[in-house]
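Comments concern the structure below.
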Amino acid sequence: MGEETVGNKMIVLKDYVKGFPKESDLLLETSDTQLRVPDGCDGAVFVKNLYLSCDPYMRGRMSKLEGSYIDSFVPGSTLTGFGVCKVVDSTHPNFKKGDLVRGMTGWEEYSLIKSAEGLSKIQHTDVPLSYYTGILGMPGTTAYCGFYEVCSPKKGDTVFISAASGAVGQLVGQFAKLFGCYVVGSAGSKDKVDLLKNKFGFDEAFNYKEEPDLNAALKRYFPDGIDIYFENVGGKMLDAVLLNMKLYGRIAVCGMISQYNLEELEGVKNLFLLVVKRIRMEGFIVFDYAHLYPKYLEMVLPLIKQGKIVYVEDIVEGLENAPNALIGLFSGRNVGKQVVVVARE
């Protein structure tokens with residue numbers, strides 16, 4: 001009996017990228033694949049990809065990286081990223097046909113995952129499956145660990161979040177509000193500012209593009225200074241924040257999206273204030289906190305079901321639209337967590 005063979009669409013990196021990425025840097029290709037784990041491939045899982053996560057860290061992987069926490073993509077090869085998948089075939093004892101899983105997968109319709117250690121079975125299916133690319137996936141865990149573990153919050157703290165309407169920022173703000181903090185966020189459009197105040201419950205929000213003087217803007221919202229800064233942007237925003245931090249303030253450095261497409265990175269002028277104000281500024285990577293995921297789920301699932309946490313997704317249908325969705329992150333086109341639907345089931 002012949003094995004079923006299907007065409008498998010995939011997104012491939014054309015070549016390493018310098019400067020701002022373009023859709024033409026990513027190619028849509030098709031190759032044939034059999035819907036099973038090949039003979040002799042033990043401990044592997046063959047999956048159908050359902051939802052793919054578009055994340056800012058992927059920009060770094062499109063360039064030739066040295067000394068990073070994650071490998072560069074390989075030109076001519078399929079992109080990889082976080083996703084939600086359905087198991088089609090398995091030679092791994094922990095996974096069987098029909099299981100729903102989350103983890104690193106290919107940007108393609110079907111993927112052979114030879115090392116299944118990075119996959120986790122999805123146990124809770126009474127929430128949207130796409131949430132496992134966001135609030136119940138890497139961005140949610142990032143927000144949780146960054147805020148509770150790195151920022152060491154105290155009730156009544158003043159909290160500022162840049163890129164606050166994105167996949168991580170929208171959650172940090174809501175966690176901080178639930179914790180009893182005063183929360184302000186910045187974003188890049190009127191619609192996003194409205195979302196922060198009216199949907200996510202931030203105390204205040206502003207459009208950084210309309211502020212000629214970021215230092216003055218921050219003084220307006222934080223007349224007594226900032227206790228916690230959740231850093232997603234870097235550059236001029238970080239410089240302005242340093243001027244407005246309180247003594248013993250904490251800065252969690254999650255990302256610096258303003259720098260990702262620059263061939264020469266911007267310097268920060270006000271770093272000496274870390275000394276003067278005894279500020280603790282700490283970078284972190286979510287993989288270091290993977291052991292806290294069960295604890296995070298225990299906290300966040302009831303909050304979702306009770307409507308105490310809301311999550312906004314920007315959903316794009318079809319793998320062929322994935323390059324446009326990913327590139328859109330870097331101009332701030334997305335509103336909320338950017339997700340690509342490859343297949344609904």
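A note on labels: chains of the structure tokens are A, B, ... as shown, every chain counts residues from 1, and ligands are counted from 1 in their shown order.
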
Practice task
Find the residues near range 323-328 of chain A: any atom within 8 Å, counting only C-alpha atoms, skip ones fewer than 3 places away on the same chain, and give them as a list in words.
Solution key: Ile11, Pro21, Lys22, Glu23, Leu26, Cys54, Asp55, Val316, Glu320, Ser331, Gly332, Arg333, Asn334, Gln338 and Val340 of chain A

Could those selected residues go to a file with C-alpha atoms, as a short mmCIF file (atom, residue, chain, number, x, y, z; two decimals), in the first residue's frame?
data_model
loop_
_atom_site.label_atom_id
_atom_site.label_comp_id
_atom_site.auth_asym_id
_atom_site.auth_seq_id
_atom_site.Cartn_x
_atom_site.Cartn_y
_atom_site.Cartn_z
CA ILE A 11 8.40 29.75 4.39
CA PRO A 21 13.50 43.12 6.57
CA LYS A 22 11.26 42.91 3.51
CA GLU A 23 8.65 40.36 2.49
CA LEU A 26 11.09 35.28 2.77
CA CYS A 54 5.19 35.89 15.02
CA ASP A 55 7.72 37.23 17.55
CA VAL A 316 -3.80 36.41 9.91
CA GLU A 320 1.24 32.50 2.47
CA SER A 331 6.66 48.80 11.82
CA GLY A 332 4.14 48.28 14.66
CA ARG A 333 1.35 47.32 12.28
CA ASN A 334 0.00 44.56 14.52
CA GLN A 338 0.42 38.46 15.97
CA VAL A 340 -0.76 33.09 11.75
#

Handout entry: Nearest to Ala176 in chain A by atom-to-atom distance, counting only C-alpha atoms, from A:Leu28, A:Cys85, A:Ile315, A:Ile309
Key = A:Ile309

Using only C-alpha atoms, find each residue in range 140-172 of chain A having at least one atom no more than 8 Å away from range 236-253 of chain A; report its shortest atom-to-atom pair and that distance in Å (one decimal), rows by chain then rising number, as CSV.
residue,atom,partner,partner_atom,distance
A:Gly146,CA,A:Ala252,CA,6.3
A:Phe147,CA,A:Ala252,CA,7.6
A:Val150,CA,A:Ala252,CA,6.0
A:Cys151,CA,A:Arg250,CA,5.7
A:Ser152,CA,A:Arg250,CA,7.8

So that I have them on file, write out the residues from the current selection with all heavy atoms, as a short mmCIF file (atom, residue, chain, number, x, y, z; two decimals), in the first residue's frame.
data_model
loop_
_atom_site.label_atom_id
_atom_site.label_comp_id
_atom_site.auth_asym_id
_atom_site.auth_seq_id
_atom_site.Cartn_x
_atom_site.Cartn_y
_atom_site.Cartn_z
N GLY A 146 9.13 38.01 33.88
CA GLY A 146 9.74 39.34 33.86
C GLY A 146 9.19 40.24 34.93
O GLY A 146 9.95 40.95 35.61
N PHE A 147 7.87 40.19 35.11
CA PHE A 147 7.27 41.08 36.11
C PHE A 147 7.49 40.55 37.53
O PHE A 147 8.05 41.25 38.39
CB PHE A 147 5.77 41.27 35.84
CG PHE A 147 5.10 42.18 36.84
CD1 PHE A 147 5.46 43.52 36.90
CD2 PHE A 147 4.14 41.71 37.72
CE1 PHE A 147 4.87 44.38 37.84
CE2 PHE A 147 3.54 42.55 38.66
CZ PHE A 147 3.91 43.89 38.71
N VAL A 150 11.75 39.19 37.94
CA VAL A 150 12.83 40.14 37.68
C VAL A 150 12.53 41.51 38.30
O VAL A 150 13.42 42.15 38.88
CB VAL A 150 13.10 40.28 36.16
CG1 VAL A 150 14.25 41.25 35.90
CG2 VAL A 150 13.43 38.92 35.54
N CYS A 151 11.28 41.95 38.21
CA CYS A 151 10.94 43.31 38.68
C CYS A 151 10.73 43.40 40.19
O CYS A 151 10.72 44.51 40.74
CB CYS A 151 9.67 43.82 37.98
SG CYS A 151 9.90 44.15 36.23
N SER A 152 10.55 42.28 40.88
CA SER A 152 10.31 42.27 42.34
C SER A 152 9.29 43.34 42.74
O SER A 152 9.60 44.26 43.50
CB SER A 152 11.62 42.53 43.09
OG SER A 152 12.63 41.65 42.65
#

Practice task
Run DSSP on the backbone and give me the residues of range 177-337 of chain A it puts in alpha helix (DSSP H), as an MDAnalysis selection string.
Solution key: chainID A and resid 177:179 190:198 214:221 235:244 273:276 293:305 322:328

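Taking CA of Arg61 in chain A as the reference point, CA of Lys18 in chain A is found at 11.4 Å.
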
Problem - Exercise: range 283-291 of chain A partners within 12 Å, only C-alpha atoms, chain neighbours under 5 positions left out, as an MDAnalysis selection string - result: chainID A and resid 57 68:70 103 118 120 137:151 168 229:232 234 250:256 296:297

Counting only C-alpha atoms, what is within 8 Å of range 39-47 of chain A, bar same-chain residues fewer than 5 positions away, as a PDB file with N, CA and C atoms, in the first residue's frame?
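Done, and the output landed in out_13.pdb:
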ATOM      1  N   CYS A  85       0.384  22.653  17.307  1.00  0.00           N
ATOM      2  CA  CYS A  85       0.355  21.608  16.264  1.00  0.00           C
ATOM      3  C   CYS A  85      -0.508  20.434  16.716  1.00  0.00           C
ATOM      4  N   LYS A  86      -0.883  19.616  15.724  1.00  0.00           N
ATOM      5  CA  LYS A  86      -1.596  18.364  15.995  1.00  0.00           C
ATOM      6  C   LYS A  86      -0.715  17.206  15.523  1.00  0.00           C
ATOM      7  N   VAL A  87      -0.543  16.208  16.365  1.00  0.00           N
ATOM      8  CA  VAL A  87       0.314  15.075  16.030  1.00  0.00           C
ATOM      9  C   VAL A  87      -0.381  14.194  14.994  1.00  0.00           C
ATOM     10  N   VAL A  88       0.334  13.940  13.874  1.00  0.00           N
ATOM     11  CA  VAL A  88      -0.156  13.071  12.800  1.00  0.00           C
ATOM     12  C   VAL A  88       0.419  11.670  12.961  1.00  0.00           C
ATOM     13  N   ASP A  89       1.682  11.599  13.401  1.00  0.00           N
ATOM     14  CA  ASP A  89       2.361  10.308  13.588  1.00  0.00           C
ATOM     15  C   ASP A  89       3.472  10.513  14.622  1.00  0.00           C
ATOM     16  N   SER A  90       3.798   9.470  15.351  1.00  0.00           N
ATOM     17  CA  SER A  90       4.805   9.611  16.401  1.00  0.00           C
ATOM     18  C   SER A  90       5.542   8.300  16.640  1.00  0.00           C
ATOM     19  N   THR A  91       6.864   8.430  16.849  1.00  0.00           N
ATOM     20  CA  THR A  91       7.657   7.300  17.351  1.00  0.00           C
ATOM     21  C   THR A  91       8.213   7.644  18.733  1.00  0.00           C
ATOM     22  N   HIS A  92       7.625   8.681  19.342  1.00  0.00           N
ATOM     23  CA  HIS A  92       8.041   9.107  20.678  1.00  0.00           C
ATOM     24  C   HIS A  92       7.029   8.575  21.693  1.00  0.00           C
ATOM     25  N   PRO A  93       7.482   7.969  22.782  1.00  0.00           N
ATOM     26  CA  PRO A  93       6.545   7.348  23.735  1.00  0.00           C
ATOM     27  C   PRO A  93       5.573   8.328  24.394  1.00  0.00           C
ATOM     28  N   PHE A  95       4.038  10.955  22.975  1.00  0.00           N
ATOM     29  CA  PHE A  95       3.083  11.602  22.072  1.00  0.00           C
ATOM     30  C   PHE A  95       2.429  10.571  21.163  1.00  0.00           C
ATOM     31  N   TYR A 110       3.325  21.062   7.431  1.00  0.00           N
ATOM     32  CA  TYR A 110       3.642  19.849   8.189  1.00  0.00           C
ATOM     33  C   TYR A 110       5.114  19.879   8.583  1.00  0.00           C
ATOM     34  N   SER A 111       5.428  19.382   9.766  1.00  0.00           N
ATOM     35  CA  SER A 111       6.819  19.379  10.229  1.00  0.00           C
ATOM     36  C   SER A 111       7.169  18.030  10.832  1.00  0.00           C
ATOM     37  N   LEU A 112       8.388  17.593  10.549  1.00  0.00           N
ATOM     38  CA  LEU A 112       8.968  16.448  11.242  1.00  0.00           C
ATOM     39  C   LEU A 112       9.855  17.012  12.342  1.00  0.00           C
ATOM     40  N   ILE A 113       9.478  16.752  13.588  1.00  0.00           N
ATOM     41  CA  ILE A 113      10.242  17.241  14.733  1.00  0.00           C
ATOM     42  C   ILE A 113      11.030  16.065  15.296  1.00  0.00           C
ATOM     43  N   LYS A 114      12.331  16.065  15.004  1.00  0.00           N
ATOM     44  CA  LYS A 114      13.160  14.901  15.347  1.00  0.00           C
ATOM     45  C   LYS A 114      13.502  14.861  16.826  1.00  0.00           C
ATOM     46  N   SER A 115      13.565  16.034  17.453  1.00  0.00           N
ATOM     47  CA  SER A 115      13.836  16.090  18.892  1.00  0.00           C
ATOM     48  C   SER A 115      12.604  16.686  19.568  1.00  0.00           C
ATOM     49  N   ALA A 116      11.834  15.833  20.211  1.00  0.00           N
ATOM     50  CA  ALA A 116      10.531  16.249  20.753  1.00  0.00           C
ATOM     51  C   ALA A 116      10.624  16.798  22.179  1.00  0.00           C
TER      52      ALA A 116
END

Find the nearest atom pair between each residue of range 157-194 of chain A and range 301-305 of chain A for residues within 12 Å, count only C-alpha atoms, give distances in Å to one decimal, sort rows by chain and ascending number, and present the table as a tab-separated table.
residue	atom	partner	partner_atom	distance
A:Leu171	CA	A:Ile304	CA	11.3
A:Gln174	CA	A:Leu303	CA	10.6
A:Phe175	CA	A:Leu303	CA	10.2
A:Leu178	CA	A:Leu303	CA	10.1

Practice task
Based on DSSP run over this structure's backbone, return all residues of range 76-235 of chain A in strand (DSSP E or B), as a PyMOL selection string.
Solution key: chain A and resi 78+80-90+100-106+108+110-113+120-121+158-161+182-187+204-207+226-231

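Using only C-alpha atoms for every distance, the candidate list A:Leu52, A:Leu27, A:Leu262, A:Met10 yields A:Leu52 as the residue closest to Val339 in chain A.
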
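Between CA of Leu214 in chain A and CA of Arg59 in chain A the interatomic distance comes to 26.0 Å.
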
Exercise for the section: Tell me, as a count of residues only, which residues lie within 9 Å of Thr78 in chain A, counting only C-alpha atoms; anything in the same chain fewer than 5 positions away does not count. Expected result: 8

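Between Gln123 in chain A and the residues A:Pro294, A:Lys197, A:Tyr311, A:Arg220, the shortest atom-to-atom distance, using only C-alpha atoms, involves A:Pro294.
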
Handout entry: Residues near Asn8 in chain A, cut-off 6 Å, only C-alpha atoms, skip fewer than 4 positions along chain, as a ChimeraX atom specification
Key = /A:30-32,109

How would the residues just chosen look if you wrote them out with N, CA, C and O atoms as a compact mmCIF listing (two decimals), in the first residue's frame?
# COMPACT_ATOMS: atom_id res chain seq x y z
N THR A 30 7.16 24.97 -2.00
CA THR A 30 6.39 23.75 -1.77
C THR A 30 7.26 22.54 -2.07
O THR A 30 8.00 22.54 -3.05
N SER A 31 7.18 21.54 -1.22
CA SER A 31 7.85 20.26 -1.52
C SER A 31 6.92 19.14 -1.07
O SER A 31 6.01 19.36 -0.26
N ASP A 32 7.13 17.95 -1.57
CA ASP A 32 6.29 16.82 -1.20
C ASP A 32 6.77 16.20 0.11
O ASP A 32 7.98 16.15 0.39
N GLU A 109 3.34 23.72 6.54
CA GLU A 109 2.07 23.06 6.87
C GLU A 109 2.28 21.82 7.72
O GLU A 109 1.49 21.54 8.63

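CA of Glu263 in chain A is positioned 26.4 Å from CA of Lys337 in chain A.
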